[in-house]
Amino acid sequence: MYYIKFHFLQTFNRIKDYDGTMPKSHNLKYIAFIIPALVYVSALSIFPAALSVYRSFLSPGGSYTFSNYSALLHYGLVKALIDTMLVSIGALILQLFLALFIAMIMVKPFKGNRLFSSLVIIPYGISTVVSAFIFSQIFSAVGGYANSFIVDLGFRPIDWVATSSSSLSVVVIADYWKNTPLVALILFSGLSGLSPSMYEAAKTDGAGAFRRFFSITLPNLAPIMAIALLIRGVSEFNIFALPLVIIGYNPPLITTLIYEFYQTSSATIYYSYAASTILLFIILGYASIVLWKGGAKTYER
Amino acid sequence: MSVNSSWKSNLPLYIGALILSIIFFYPLYVLILITFVPAPLNNLSPYPPQIPPGFTFYNIIQAYSSLNLTGPVTRSFYVAMMVGGLSLALGIPAAYGLNKIGVRTANKFIIFFFLINMMPGIVVAIPISVEFLKLGLSNIYGVALAQELVVLPLSIFIILGGFRALPSDLENQARVDGANLPTTMYRILIPMNRSAILVAFLLSWMTSWDEFTYAVIISPVKSTFPVQLYNYVTRAVSFEASAFALTFTIPVIIVAVVLQKYLKSQSFTGGLSS
Amino acid sequence: MTYKLQLQELEKKFGSKSVLNRLSLDVEEGEFMVVLGPSGMGKSTLLRTVVGIEPLDGGKIVVDGEDVTRLPPHKRNIAMVFQNYALYPNMNVYKNIAFPLKMIGESRDVIDKKVNEIAGTLKIADALHQNVTTLSGGQKQRVALARALVRNPKLFLLDEPLSNLDARVRYDARQELRKLQQELGHTFIYVTHDQTEAQSLADRVAVLHNGSVEQIGPYDDLYERPETTWVGSFIGEYPMNIIDGSVIGREGSQIGFRPSWVNEGNDGIQLTVQLCQAAESGFFIMSTMDGKSITIRVQKRHKIGSTMKFSLRRYNVYTDNRLVEEFGK
């Protein structure tokens, strides 16, 4: 499964500049074959999203109102957004950093390379709920494997879910475990695309390992890192199953907040529409910024 | 950087690899500990030992005998099958059409499909769930319909890759030989593109097997495996949950192995080269 | 006279580029018609529109007196052999050949009989249960041909079917193809850019230029009396020499002559030898005259850089690039 994602991601950034030579008649009647898929996607994606935006301005009685949004402020929207942001940024930094390490080991030819590569990739194949369960067991206050370590080392056990910052840290750690392999694969594909002759030349010029990393590896990896950032960034913001299983609604992230409103009553569901709308626009904004910046980079080359 | 470099010069590399391997393997090790270490030395003790003090199948047997696994397994299986089937029913025609309208136009559609794919699942799932409730689709059928959204773009992309790798004259030849479009599709295009189609099906299948957000929102009761696992975790029955988690992971591994056999890189890169 | 196939003013555009430009062509029953033209002149497009896989922008296609312009390919009963043979790789040889018969709903017995018959004719009976990907180029070509022949269609279209073969195999295949066509009496339309093929296969050759038929006739006719200067320079191993008519006192016209239509002498037109090439039939002298390259054939070797004189034994006169008169025939 990861290999598919890997191949797919490797080729995804080429789609937008691919300029194939197919002069044959562009038979537009064949669009008819695409219409079912288009209708499907629109009916189950664009239409519900639009419905969400529309209903976020409705009161349960059906009149237009902004009260859903003001109620959200009251129910801790800002903190949920900040927490989501913290988790996203924390997980992204951790992932990029460790993934770069892993990818750099993966491109080196050494005995045991295959074993290492398959070992670090396993978590991506484990389902989200299963990994959430595992981490809830590692970080449970009683009977947790993390605490048994800490106690073995002679420290006092930690109640992981007591404070919001430790709860969020647990989510970040679980998320990084699950998703670092994907980022590592993306970066690996970028690294293995770099020509060895570049490094040979730099070595001949007397550039040390650090120098080579900062003046060759990083700049050349920037475009593919942008892709990783886009793909992971969007998913980080939508992170749902992990926090729900590990920490429940305390503290809420934006998605668990939406879910909680949805679960509570038929009146609070309008709050979840409002929060959904906010999440939607954050994602759209983020995606267009990354795409725009990434697009600009591609043109510069 | 030759393979025969001495152990000494590669020492930092090996240490790094070892540490990372431990970090990434540890959580799986914990899953195994919970499942196979005799109670109460597993997670039932306040500070469970890291080294297994014993080994037993009792936990897992106990969990399986006290749980009704058949329901969630069958439902997950049905949903995954439906999602896979839908991927083909919608994806094959769409990929066929995209292959015909020229690379430039096709790529615009593909980018559209992938942008739609970025839409937050929860944002889409809640309105869908509300509408499905009215339509009587708050069940696994509704879950399958919604999960299809997640897998359709990639399925189309993979099948399109397969079609692009076929010589276009094969289809023309079939038409000349007297086959109409459905026959050409059934007898020539689909058999010729079967590995890409199979990969798309299995991928959809696997994604559906894992999917949680749509499943829990649209059909919270009598739902699929991940939702059931979530229910066990929230009720803090960790034995059952770990037995479940293991059960849950095995089909994924099997499907991945099958998939590996059919993986030809052209199925994926072929989507971009005609 | 009734025609097997009539093409009337076919039009086809790709974007703003006109590929078929009011192309008209009549093909007689049992005729081997070769459509000859340089690459990219719309030869393949012509076949694709006739068989129905490429829609036309205008014009009419009539087969056996019936207008088939709007019929889909599978209702036209026209067979086509593609350049790369387009054998179905998911079927063996037998199934490939049987496919068109299956499509018209023939019974199993009839299919079996016909496939074996045609396989015998084309000497591929031994390979019937082989996988098509294991076949040699020559065998693939035969299988493609068998698949086209087996359902006895009204018309055969062949798109450069020999271009993927080795030179030696190609020569044999060419002879066989001609023999087969004569024995079976089918109507063949064969597209190629190879003049040798046109020369050895065709009853008549249609020369395609700028999307329409520039001249049609037996190959020798095209060689001897090209109706336009373009055909003159396209047909023949060496292009026809086209020079300004004033050289022999025909102001405002152009003179066209083949390299062999000259006599070497002490007077006449003078040229400087730039290249002298030995051939079986003599020596080919290449030179330039008024900036145009010319080639003549003489019996004696000449040194490069020396001058020589020749006169025209025979020539064609062209006005506005069209043939107006022939001299010395």
# chains A, B, ... in the order shown; residues from 1 in each chain; ligands from 1

$ closest_atom_pairs --of "chain C" --to "chain A" --cutoff "9 Å" --atoms "only C-alpha atoms" --output "tab-separated table"
residue	atom	partner	partner_atom	distance
C:Lys13	CA	A:Ser25	CA	8.8
C:Phe14	CA	A:Ser25	CA	6.2
C:Gly15	CA	A:Ser25	CA	7.9
C:Glu54	CA	A:Ser25	CA	8.2

$ residues_around --residues "stretch 229-242 of chain C" --least-positions-apart "6" --cutoff "8 Å" --atoms "only C-alpha atoms" --output "PDB file with N, CA and C atoms, in the first residue's frame"
ATOM      1  N   GLN C 195       8.330   3.785 -52.036  1.00  0.00           N
ATOM      2  CA  GLN C 195       8.029   3.706 -53.468  1.00  0.00           C
ATOM      3  C   GLN C 195       8.220   2.315 -54.040  1.00  0.00           C
ATOM      4  N   VAL C 207      -1.132   9.344 -55.456  1.00  0.00           N
ATOM      5  CA  VAL C 207      -0.132  10.114 -54.725  1.00  0.00           C
ATOM      6  C   VAL C 207      -0.827  11.187 -53.913  1.00  0.00           C
ATOM      7  N   GLU C 214      -2.992  13.941 -55.659  1.00  0.00           N
ATOM      8  CA  GLU C 214      -2.356  14.811 -56.661  1.00  0.00           C
ATOM      9  C   GLU C 214      -2.369  14.149 -58.030  1.00  0.00           C
ATOM     10  N   GLN C 215      -2.157  12.854 -58.049  1.00  0.00           N
ATOM     11  CA  GLN C 215      -2.181  12.131 -59.324  1.00  0.00           C
ATOM     12  C   GLN C 215      -2.462  10.679 -59.042  1.00  0.00           C
ATOM     13  N   LEU C 222       3.188   7.444 -63.449  1.00  0.00           N
ATOM     14  CA  LEU C 222       3.593   8.507 -62.540  1.00  0.00           C
ATOM     15  C   LEU C 222       5.041   8.877 -62.769  1.00  0.00           C
ATOM     16  N   TYR C 223       5.842   7.846 -63.097  1.00  0.00           N
ATOM     17  CA  TYR C 223       7.256   8.083 -63.283  1.00  0.00           C
ATOM     18  C   TYR C 223       7.506   8.816 -64.598  1.00  0.00           C
ATOM     19  N   GLN C 254       8.651  25.641 -67.114  1.00  0.00           N
ATOM     20  CA  GLN C 254       9.711  24.868 -66.481  1.00  0.00           C
ATOM     21  C   GLN C 254       9.865  23.576 -67.253  1.00  0.00           C
ATOM     22  N   ILE C 255      11.096  23.095 -67.242  1.00  0.00           N
ATOM     23  CA  ILE C 255      11.394  21.866 -67.965  1.00  0.00           C
ATOM     24  C   ILE C 255      11.678  20.780 -66.939  1.00  0.00           C
ATOM     25  N   GLY C 256      11.025  19.629 -67.117  1.00  0.00           N
ATOM     26  CA  GLY C 256      11.304  18.517 -66.216  1.00  0.00           C
ATOM     27  C   GLY C 256      11.860  17.345 -66.984  1.00  0.00           C
ATOM     28  N   PHE C 257      12.940  16.753 -66.473  1.00  0.00           N
ATOM     29  CA  PHE C 257      13.473  15.555 -67.142  1.00  0.00           C
ATOM     30  C   PHE C 257      14.089  14.623 -66.115  1.00  0.00           C
ATOM     31  N   ARG C 258      13.992  13.343 -66.418  1.00  0.00           N
ATOM     32  CA  ARG C 258      14.596  12.314 -65.564  1.00  0.00           C
ATOM     33  C   ARG C 258      16.091  12.254 -65.840  1.00  0.00           C
ATOM     34  N   PRO C 259      16.902  11.793 -64.871  1.00  0.00           N
ATOM     35  CA  PRO C 259      18.358  11.725 -65.089  1.00  0.00           C
ATOM     36  C   PRO C 259      18.735  10.954 -66.352  1.00  0.00           C
ATOM     37  N   SER C 293      19.504  21.761 -57.530  1.00  0.00           N
ATOM     38  CA  SER C 293      20.371  20.616 -57.783  1.00  0.00           C
ATOM     39  C   SER C 293      19.793  19.784 -58.917  1.00  0.00           C
ATOM     40  N   ILE C 294      20.671  19.292 -59.776  1.00  0.00           N
ATOM     41  CA  ILE C 294      20.204  18.397 -60.829  1.00  0.00           C
ATOM     42  C   ILE C 294      21.082  17.151 -60.865  1.00  0.00           C
ATOM     43  N   THR C 295      20.483  16.080 -61.368  1.00  0.00           N
ATOM     44  CA  THR C 295      21.185  14.805 -61.455  1.00  0.00           C
ATOM     45  C   THR C 295      20.967  14.253 -62.863  1.00  0.00           C
ATOM     46  N   TYR C 318       6.319  22.170 -68.057  1.00  0.00           N
ATOM     47  CA  TYR C 318       5.354  22.500 -67.001  1.00  0.00           C
ATOM     48  C   TYR C 318       5.111  23.992 -66.986  1.00  0.00           C
ATOM     49  N   ASN C 321       3.621  24.776 -62.628  1.00  0.00           N
ATOM     50  CA  ASN C 321       3.814  23.463 -61.995  1.00  0.00           C
ATOM     51  C   ASN C 321       2.897  22.364 -62.529  1.00  0.00           C
ATOM     52  N   ARG C 322       2.188  22.630 -63.657  1.00  0.00           N
ATOM     53  CA  ARG C 322       1.327  21.574 -64.220  1.00  0.00           C
ATOM     54  C   ARG C 322       1.868  21.165 -65.583  1.00  0.00           C
ATOM     55  N   LEU C 323       1.717  19.888 -65.870  1.00  0.00           N
ATOM     56  CA  LEU C 323       2.227  19.365 -67.142  1.00  0.00           C
ATOM     57  C   LEU C 323       1.410  19.928 -68.308  1.00  0.00           C
TER      58      LEU C 323
END

$ interface_residues --of "chain B" --to "chain C" --cutoff "7 Å" --atoms "only C-alpha atoms" --output "MDAnalysis selection string"
chainID B and resid 169:170 172:173 175:180 191:192

$ closest_residue --among "B:Pro220, B:Ile92, B:Leu229, B:Tyr58" --to "B:Thr247" --atoms "only C-alpha atoms"
B:Leu229

$ closest_residue --among "B:Ala174, B:Val255, B:Leu166, B:Ile197" --to "C:Asn96" --atoms "only C-alpha atoms"
B:Ala174

$ residues_around --residues "A:Ala132" --least-positions-apart "4" --cutoff "8 Å" --atoms "only C-alpha atoms" --output "PyMOL selection string"
chain A and resi 128+136+174+241-243+245-246

$ write_last_selection --atoms "C-alpha atoms" --output "PDB file, in the first residue's frame"
ATOM      1  CA  THR A 128      -5.375   4.636  12.395  1.00  0.00           C
ATOM      2  CA  SER A 136      -3.732   4.870  24.388  1.00  0.00           C
ATOM      3  CA  ALA A 174       0.971   8.889  17.991  1.00  0.00           C
ATOM      4  CA  ALA A 241      -9.596   9.372  14.846  1.00  0.00           C
ATOM      5  CA  LEU A 242      -6.308   9.640  16.777  1.00  0.00           C
ATOM      6  CA  PRO A 243      -7.369  12.369  19.245  1.00  0.00           C
ATOM      7  CA  VAL A 245      -9.573   7.489  20.581  1.00  0.00           C
ATOM      8  CA  ILE A 246      -6.603   8.623  22.662  1.00  0.00           C
TER       9      ILE A 246
END

$ closest_residue --among "B:Ser66, B:Gln50, B:Asn193, B:Thr56" --to "chain A" --atoms "only C-alpha atoms"
B:Gln50

$ closest_residue --among "B:Arg75, B:Arg235, B:Lys222, B:Arg187" --to "chain A" --atoms "only C-alpha atoms"
B:Arg235

$ select_by_dssp --residues "stretch 31-214 of chain A" --states "helix (DSSP H, G or I)" --output "PDB file with C-alpha atoms, in the first residue's frame"
ATOM      1  CA  ILE A  31     -16.547  13.522 -21.299  1.00  0.00           C
ATOM      2  CA  ALA A  32     -19.855  11.645 -21.017  1.00  0.00           C
ATOM      3  CA  PHE A  33     -17.879   8.749 -19.503  1.00  0.00           C
ATOM      4  CA  ILE A  34     -16.434  11.013 -16.819  1.00  0.00           C
ATOM      5  CA  ILE A  35     -19.775  12.558 -15.888  1.00  0.00           C
ATOM      6  CA  PRO A  36     -20.908   9.786 -13.489  1.00  0.00           C
ATOM      7  CA  ALA A  37     -17.717  10.166 -11.439  1.00  0.00           C
ATOM      8  CA  LEU A  38     -17.966  13.962 -11.587  1.00  0.00           C
ATOM      9  CA  VAL A  39     -21.597  13.930 -10.503  1.00  0.00           C
ATOM     10  CA  TYR A  40     -20.804  11.473  -7.745  1.00  0.00           C
ATOM     11  CA  VAL A  41     -17.967  13.516  -6.347  1.00  0.00           C
ATOM     12  CA  SER A  42     -19.924  16.754  -6.613  1.00  0.00           C
ATOM     13  CA  ALA A  43     -23.076  15.333  -5.046  1.00  0.00           C
ATOM     14  CA  LEU A  44     -21.244  13.773  -2.120  1.00  0.00           C
ATOM     15  CA  SER A  45     -18.554  16.363  -1.613  1.00  0.00           C
ATOM     16  CA  ILE A  46     -19.154  19.826  -3.024  1.00  0.00           C
ATOM     17  CA  PHE A  47     -22.871  19.773  -2.317  1.00  0.00           C
ATOM     18  CA  PRO A  48     -22.536  18.708   1.360  1.00  0.00           C
ATOM     19  CA  ALA A  49     -19.733  21.219   1.907  1.00  0.00           C
ATOM     20  CA  ALA A  50     -21.908  23.983   0.460  1.00  0.00           C
ATOM     21  CA  LEU A  51     -24.792  22.758   2.598  1.00  0.00           C
ATOM     22  CA  SER A  52     -22.560  23.015   5.647  1.00  0.00           C
ATOM     23  CA  VAL A  53     -21.658  26.605   4.840  1.00  0.00           C
ATOM     24  CA  TYR A  54     -25.306  27.510   4.193  1.00  0.00           C
ATOM     25  CA  ARG A  55     -26.644  25.883   7.332  1.00  0.00           C
ATOM     26  CA  SER A  67     -25.351  33.216  16.471  1.00  0.00           C
ATOM     27  CA  ASN A  68     -23.783  29.833  15.624  1.00  0.00           C
ATOM     28  CA  TYR A  69     -20.461  31.532  15.163  1.00  0.00           C
ATOM     29  CA  SER A  70     -20.726  33.630  18.301  1.00  0.00           C
ATOM     30  CA  ALA A  71     -21.744  30.534  20.274  1.00  0.00           C
ATOM     31  CA  LEU A  72     -18.616  28.788  19.015  1.00  0.00           C
ATOM     32  CA  LEU A  73     -16.478  31.477  20.593  1.00  0.00           C
ATOM     33  CA  HIS A  74     -18.238  30.801  23.832  1.00  0.00           C
ATOM     34  CA  LEU A  77     -13.436  27.504  19.379  1.00  0.00           C
ATOM     35  CA  VAL A  78     -10.323  29.640  19.677  1.00  0.00           C
ATOM     36  CA  LYS A  79      -8.608  27.233  22.034  1.00  0.00           C
ATOM     37  CA  ALA A  80      -9.549  24.281  19.849  1.00  0.00           C
ATOM     38  CA  LEU A  81      -8.098  26.063  16.829  1.00  0.00           C
ATOM     39  CA  ILE A  82      -4.903  26.936  18.671  1.00  0.00           C
ATOM     40  CA  ASP A  83      -4.585  23.359  19.961  1.00  0.00           C
ATOM     41  CA  THR A  84      -5.163  21.989  16.473  1.00  0.00           C
ATOM     42  CA  MET A  85      -2.539  24.372  15.168  1.00  0.00           C
ATOM     43  CA  LEU A  86      -0.087  23.290  17.889  1.00  0.00           C
ATOM     44  CA  VAL A  87      -0.658  19.615  17.176  1.00  0.00           C
ATOM     45  CA  SER A  88      -0.328  20.199  13.426  1.00  0.00           C
ATOM     46  CA  ILE A  89       2.849  22.225  13.656  1.00  0.00           C
ATOM     47  CA  GLY A  90       4.357  19.941  16.279  1.00  0.00           C
ATOM     48  CA  ALA A  91       3.598  16.821  14.285  1.00  0.00           C
ATOM     49  CA  LEU A  92       4.759  18.394  11.001  1.00  0.00           C
ATOM     50  CA  ILE A  93       8.109  19.492  12.440  1.00  0.00           C
ATOM     51  CA  LEU A  94       8.691  16.154  14.155  1.00  0.00           C
ATOM     52  CA  GLN A  95       7.714  14.282  11.001  1.00  0.00           C
ATOM     53  CA  LEU A  96       9.831  16.310   8.605  1.00  0.00           C
ATOM     54  CA  PHE A  97      12.846  16.119  10.888  1.00  0.00           C
ATOM     55  CA  LEU A  98      12.691  12.381  11.543  1.00  0.00           C
ATOM     56  CA  ALA A  99      11.584  11.564   8.014  1.00  0.00           C
ATOM     57  CA  LEU A 100      14.632  13.355   6.659  1.00  0.00           C
ATOM     58  CA  PHE A 101      16.813  11.241   8.944  1.00  0.00           C
ATOM     59  CA  ILE A 102      15.104   8.039   7.841  1.00  0.00           C
ATOM     60  CA  ALA A 103      15.205   8.942   4.173  1.00  0.00           C
ATOM     61  CA  MET A 104      18.902   9.734   4.372  1.00  0.00           C
ATOM     62  CA  ILE A 105      19.567   6.344   5.920  1.00  0.00           C
ATOM     63  CA  MET A 106      17.337   4.658   3.351  1.00  0.00           C
ATOM     64  CA  VAL A 107      19.307   6.019   0.380  1.00  0.00           C
ATOM     65  CA  ASN A 113      18.956  -1.533   4.395  1.00  0.00           C
ATOM     66  CA  ARG A 114      15.935  -3.511   3.220  1.00  0.00           C
ATOM     67  CA  LEU A 115      15.127  -4.676   6.728  1.00  0.00           C
ATOM     68  CA  PHE A 116      15.389  -1.146   8.050  1.00  0.00           C
ATOM     69  CA  SER A 117      13.260   0.256   5.227  1.00  0.00           C
ATOM     70  CA  SER A 118      10.462  -2.239   5.745  1.00  0.00           C
ATOM     71  CA  LEU A 119      10.578  -1.915   9.525  1.00  0.00           C
ATOM     72  CA  VAL A 120      10.172   1.847   9.646  1.00  0.00           C
ATOM     73  CA  ILE A 121       7.438   1.713   7.021  1.00  0.00           C
ATOM     74  CA  ILE A 122       5.208  -0.749   8.905  1.00  0.00           C
ATOM     75  CA  PRO A 123       3.321   1.882  10.969  1.00  0.00           C
ATOM     76  CA  TYR A 124       1.847   3.396   7.828  1.00  0.00           C
ATOM     77  CA  GLY A 125       0.156   0.094   7.070  1.00  0.00           C
ATOM     78  CA  THR A 128      -5.375   4.636  12.395  1.00  0.00           C
ATOM     79  CA  VAL A 129      -7.736   3.249  15.011  1.00  0.00           C
ATOM     80  CA  VAL A 130      -5.356   0.411  15.840  1.00  0.00           C
ATOM     81  CA  SER A 131      -2.431   2.767  16.254  1.00  0.00           C
ATOM     82  CA  ALA A 132      -4.603   5.071  18.354  1.00  0.00           C
ATOM     83  CA  PHE A 133      -5.462   2.091  20.551  1.00  0.00           C
ATOM     84  CA  ILE A 134      -1.819   1.111  20.937  1.00  0.00           C
ATOM     85  CA  PHE A 135      -0.827   4.615  21.992  1.00  0.00           C
ATOM     86  CA  SER A 136      -3.732   4.870  24.388  1.00  0.00           C
ATOM     87  CA  GLN A 137      -2.280   1.746  26.044  1.00  0.00           C
ATOM     88  CA  ILE A 138       1.259   3.082  26.081  1.00  0.00           C
ATOM     89  CA  TYR A 145       4.027   1.099  29.215  1.00  0.00           C
ATOM     90  CA  ALA A 146       5.479   4.604  29.141  1.00  0.00           C
ATOM     91  CA  ASN A 147       4.927   4.979  32.841  1.00  0.00           C
ATOM     92  CA  SER A 148       6.431   1.594  33.633  1.00  0.00           C
ATOM     93  CA  PHE A 149       9.584   2.842  31.898  1.00  0.00           C
ATOM     94  CA  ILE A 150       9.547   6.052  33.876  1.00  0.00           C
ATOM     95  CA  VAL A 151       9.013   4.204  37.141  1.00  0.00           C
ATOM     96  CA  ASP A 152      11.799   1.752  36.274  1.00  0.00           C
ATOM     97  CA  SER A 164      -3.989  19.701  27.947  1.00  0.00           C
ATOM     98  CA  SER A 165      -0.337  20.077  26.895  1.00  0.00           C
ATOM     99  CA  SER A 166       0.590  16.507  27.848  1.00  0.00           C
ATOM    100  CA  SER A 167      -2.575  15.204  26.153  1.00  0.00           C
ATOM    101  CA  LEU A 168      -1.699  17.041  22.975  1.00  0.00           C
ATOM    102  CA  SER A 169       1.868  15.725  23.137  1.00  0.00           C
ATOM    103  CA  VAL A 170       0.559  12.179  23.221  1.00  0.00           C
ATOM    104  CA  VAL A 171      -1.515  12.887  20.099  1.00  0.00           C
ATOM    105  CA  VAL A 172       1.509  14.396  18.378  1.00  0.00           C
ATOM    106  CA  ILE A 173       3.631  11.345  19.205  1.00  0.00           C
ATOM    107  CA  ALA A 174       0.971   8.889  17.991  1.00  0.00           C
ATOM    108  CA  ASP A 175       0.486  10.898  14.833  1.00  0.00           C
ATOM    109  CA  TYR A 176       4.171  11.140  14.097  1.00  0.00           C
ATOM    110  CA  TRP A 177       4.530   7.367  14.520  1.00  0.00           C
ATOM    111  CA  LYS A 178       1.708   6.687  12.086  1.00  0.00           C
ATOM    112  CA  ASN A 179       2.599   9.239   9.424  1.00  0.00           C
ATOM    113  CA  THR A 180       6.374   9.725   9.440  1.00  0.00           C
ATOM    114  CA  PRO A 181       6.827   6.717   7.119  1.00  0.00           C
ATOM    115  CA  LEU A 182       4.775   8.438   4.423  1.00  0.00           C
ATOM    116  CA  VAL A 183       6.813  11.624   4.675  1.00  0.00           C
ATOM    117  CA  ALA A 184      10.005   9.543   4.707  1.00  0.00           C
ATOM    118  CA  LEU A 185       8.897   7.840   1.492  1.00  0.00           C
ATOM    119  CA  ILE A 186       8.213  11.175  -0.168  1.00  0.00           C
ATOM    120  CA  LEU A 187      11.588  12.544   0.871  1.00  0.00           C
ATOM    121  CA  PHE A 188      13.279   9.286  -0.085  1.00  0.00           C
ATOM    122  CA  SER A 189      11.905   9.590  -3.598  1.00  0.00           C
ATOM    123  CA  GLY A 190      13.271  13.124  -3.712  1.00  0.00           C
ATOM    124  CA  LEU A 191      16.678  12.108  -2.371  1.00  0.00           C
ATOM    125  CA  SER A 192      17.089   9.172  -4.720  1.00  0.00           C
ATOM    126  CA  GLY A 193      16.305  11.540  -7.593  1.00  0.00           C
ATOM    127  CA  PRO A 196      25.324  11.281  -7.239  1.00  0.00           C
ATOM    128  CA  SER A 197      27.607  13.251  -9.554  1.00  0.00           C
ATOM    129  CA  MET A 198      26.521  16.418  -7.756  1.00  0.00           C
ATOM    130  CA  TYR A 199      27.878  15.014  -4.515  1.00  0.00           C
ATOM    131  CA  GLU A 200      31.038  13.759  -6.182  1.00  0.00           C
ATOM    132  CA  ALA A 201      31.639  17.249  -7.539  1.00  0.00           C
ATOM    133  CA  ALA A 202      31.027  18.820  -4.141  1.00  0.00           C
ATOM    134  CA  LYS A 203      33.402  16.329  -2.502  1.00  0.00           C
ATOM    135  CA  THR A 204      36.083  17.139  -5.032  1.00  0.00           C
ATOM    136  CA  ALA A 209      29.256  16.493   4.993  1.00  0.00           C
ATOM    137  CA  PHE A 210      27.413  19.407   6.623  1.00  0.00           C
ATOM    138  CA  ARG A 211      28.227  21.758   3.787  1.00  0.00           C
ATOM    139  CA  ARG A 212      26.927  19.166   1.306  1.00  0.00           C
ATOM    140  CA  PHE A 213      23.744  18.705   3.289  1.00  0.00           C
ATOM    141  CA  PHE A 214      22.946  22.398   3.507  1.00  0.00           C
TER     142      PHE A 214
END

$ select_by_dssp --residues "stretch 74-171 of chain C" --states "strand (DSSP E or B)" --output "ChimeraX atom specification"
/C:78-81,92,131,155-159

$ closest_residue --among "B:Val150, B:Ala17, B:Val73, B:Ile60" --to "B:Val37" --atoms "only C-alpha atoms"
B:Ile60

$ atom_distance --atom1 "atom CA of C:Asp64" --atom2 "atom CA of C:Tyr3"
6.7 Å

$ closest_residue --among "B:Leu133, B:Ile140, B:Ile22, B:Leu67" --to "chain A" --atoms "only C-alpha atoms"
B:Ile22

$ atom_distance --atom1 "atom CA of C:Gln139" --atom2 "atom CA of C:Arg204"
27.6 Å
